[in-house]
Each structure stands twice: as C-alpha cells, then as structure tokens.
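The structure file final_14.pdb is reproduced below (PDB, C-alpha atoms, pLDDT in the B column).
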```pdb
ATOM      1  CA  MET A   1     119.456 114.644 -64.558  1.00 60.00           C
ATOM      2  CA  THR A   2     118.488 114.105 -60.992  1.00 70.00           C
ATOM      3  CA  GLY A   3     120.882 113.028 -58.273  1.00 73.00           C
ATOM      4  CA  ILE A   4     124.000 114.057 -60.221  1.00 73.00           C
ATOM      5  CA  THR A   5     126.303 116.893 -59.236  1.00 78.00           C
ATOM      6  CA  LEU A   6     128.423 118.255 -62.079  1.00 72.00           C
ATOM      7  CA  PRO A   7     131.193 117.743 -62.782  1.00 75.00           C
ATOM      8  CA  ALA A   8     130.303 114.121 -62.154  1.00 76.00           C
ATOM      9  CA  GLU A   9     132.809 111.775 -60.532  1.00 79.00           C
ATOM     10  CA  VAL A  10     133.156 108.904 -63.010  1.00 79.00           C
ATOM     11  CA  THR A  11     136.452 107.363 -61.885  1.00 82.00           C
ATOM     12  CA  SER A  12     136.277 103.557 -62.193  1.00 86.00           C
ATOM     13  CA  LYS A  13     132.648 103.762 -63.339  1.00 86.00           C
ATOM     14  CA  ARG A  14     131.060 102.576 -66.562  1.00 87.00           C
ATOM     15  CA  VAL A  15     130.298 105.459 -68.921  1.00 85.00           C
ATOM     16  CA  PHE A  16     128.180 105.145 -72.047  1.00 86.00           C
ATOM     17  CA  ILE A  17     126.227 106.957 -74.736  1.00 86.00           C
ATOM     18  CA  THR A  18     122.745 105.703 -75.512  1.00 86.00           C
ATOM     19  CA  ILE A  19     120.368 106.229 -78.406  1.00 84.00           C
ATOM     20  CA  GLU A  20     117.024 107.273 -76.945  1.00 86.00           C
ATOM     21  CA  PRO A  21     113.658 106.871 -78.662  1.00 85.00           C
ATOM     22  CA  PHE A  22     111.718 110.031 -79.540  1.00 83.00           C
ATOM     23  CA  GLN A  23     109.517 111.218 -76.678  1.00 83.00           C
ATOM     24  CA  ASP A  24     111.117 108.844 -74.185  1.00 84.00           C
ATOM     25  CA  ASN A  25     109.963 110.020 -70.741  1.00 86.00           C
ATOM     26  CA  ASP A  26     111.725 107.219 -68.870  1.00 88.00           C
ATOM     27  CA  PRO A  27     114.715 108.585 -66.895  1.00 84.00           C
ATOM     28  CA  GLU A  28     116.564 105.258 -67.227  1.00 86.00           C
ATOM     29  CA  PRO A  29     119.076 104.806 -70.081  1.00 86.00           C
ATOM     30  CA  PHE A  30     117.750 103.066 -73.184  1.00 85.00           C
ATOM     31  CA  PHE A  31     119.273  99.654 -73.973  1.00 84.00           C
ATOM     32  CA  ILE A  32     120.971 100.702 -77.235  1.00 82.00           C
ATOM     33  CA  GLU A  33     124.512 101.739 -76.248  1.00 82.00           C
ATOM     34  CA  PRO A  34     126.717 102.276 -79.316  1.00 83.00           C
ATOM     35  CA  LEU A  35     129.653 103.569 -77.236  1.00 84.00           C
ATOM     36  CA  SER A  36     130.790 102.470 -73.767  1.00 85.00           C
ATOM     37  CA  ALA A  37     133.890 102.292 -71.576  1.00 86.00           C
ATOM     38  CA  THR A  38     135.067 102.252 -67.979  1.00 88.00           C
ATOM     39  CA  ALA A  39     136.616 105.498 -66.796  1.00 86.00           C
ATOM     40  CA  GLY A  40     140.101 105.121 -65.354  1.00 84.00           C
ATOM     41  CA  ILE A  41     141.589 106.748 -62.268  1.00 83.00           C
ATOM     42  CA  THR A  42     143.272 109.428 -64.414  1.00 82.00           C
ATOM     43  CA  THR A  43     140.242 110.231 -66.601  1.00 78.00           C
ATOM     44  CA  GLY A  44     139.849 113.946 -67.178  1.00 75.00           C
ATOM     45  CA  PRO A  45     140.200 116.714 -69.779  1.00 78.00           C
ATOM     46  CA  ALA A  46     143.842 115.832 -70.467  1.00 82.00           C
ATOM     47  CA  ASN A  47     143.191 112.071 -70.435  1.00 80.00           C
ATOM     48  CA  PRO A  48     139.778 111.290 -72.017  1.00 79.00           C
ATOM     49  CA  VAL A  49     138.026 107.930 -71.969  1.00 76.00           C
ATOM     50  CA  ILE A  50     138.465 105.917 -75.161  1.00 79.00           C
ATOM     51  CA  MET A  51     135.073 104.351 -75.856  1.00 78.00           C
ATOM     52  CA  SER A  52     134.668 101.080 -77.697  1.00 77.00           C
ATOM     53  CA  ILE A  53     132.064 100.461 -80.366  1.00 76.00           C
ATOM     54  CA  ASP A  54     129.435  97.811 -79.690  1.00 70.00           C
ATOM     55  CA  ASN A  55     128.825  96.080 -83.012  1.00 68.00           C
ATOM     56  CA  ALA A  56     126.214  93.744 -81.518  1.00 68.00           C
ATOM     57  CA  MET A  57     123.446  96.264 -82.061  1.00 61.00           C
ATOM     58  CA  PRO A  58     119.970  95.564 -83.304  1.00 66.00           C
ATOM     59  CA  SER A  59     119.362  96.776 -86.811  1.00 71.00           C
ATOM     60  CA  GLY A  60     116.392  97.350 -89.005  1.00 74.00           C
ATOM     61  CA  ARG A  61     114.938  99.373 -91.813  1.00 78.00           C
ATOM     62  CA  ALA A  62     112.074 101.836 -91.702  1.00 77.00           C
ATOM     63  CA  THR A  63     109.989 102.331 -94.815  1.00 83.00           C
ATOM     64  CA  ARG A  64     107.100 104.626 -95.529  1.00 84.00           C
ATOM     65  CA  PRO A  65     104.035 103.126 -97.225  1.00 83.00           C
ATOM     66  CA  ASN A  66     103.127 104.634-100.585  1.00 75.00           C
TER
END
```

Please lay out the structure from this file as structure tokens.
Amino acid sequence: MTGITLPAEVTSKRVFITIEPFQDNDPEPFFIEPLSATAGITTGPANPVIMSIDNAMPSGRATRPN
C-alpha cells in the first residue's frame, strides 16, 4: 500500500473488502465489493465498523472441460 500510514485514519470514510483476481497488478480496488460500510467518528478496536453485505454481485460458474 502506497500513500497510507498505519494505523490508517478511516473516520467518516468508506471502508470495503474487495475480491481481487489472481495476479492482479493494478493497485486500484477491484469492482467486486462483498462487504462495505462508512466508518463512524467512534470507530476503533472497541467500536468496530459493521459492514453490510452487497447482494447485487455478479455470479457465474466455472467448469473444467473433460
């Protein structure tokens, strides 16, 4: 991660978890975000962010040819 000093200040910012493709060299987040939320002013170890599930995700099925 470049440009981020840990612990990161996330108060009032959107936080999310993405699913990244294998061998993704792009530093930008991938568009599939199964969990996201906005951190509150009291967010911290004693008051974690409750993330909501995004059910509007693309889906598919991978099969291996015989």

- Separation of CA of Thr5 (chain A) from CA of Ser36 (chain A) in Å: 21.0 Å

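Those residues returned by the PyMOL selection byres ((chain A and resi 37) around 8) for this file are Arg14, Val15, Phe16, Leu35, Ser36, Thr38, Ala39, Val49, Ile50, Met51 and Ser52 of chain A.
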
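Every protein or nucleic acid residue with an atom no more than 10 Å from region 19-28 of chain A, counting all atoms listed in the file and leaving out same-chain residues fewer than 4 positions away, appears here: Met1, Thr2, Ile32, Glu33, Pro34 and Leu35 of chain A.
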
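With all atoms listed in the file as the atoms that count, the residue of A:Asp54, A:Arg61, A:Ile17, A:Gly3 with the shortest distance to Phe30 (chain A) is A:Ile17.
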
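Note that the spacing between CA of Phe31 (chain A) and CA of Thr18 (chain A) amounts to 7.1 Å.
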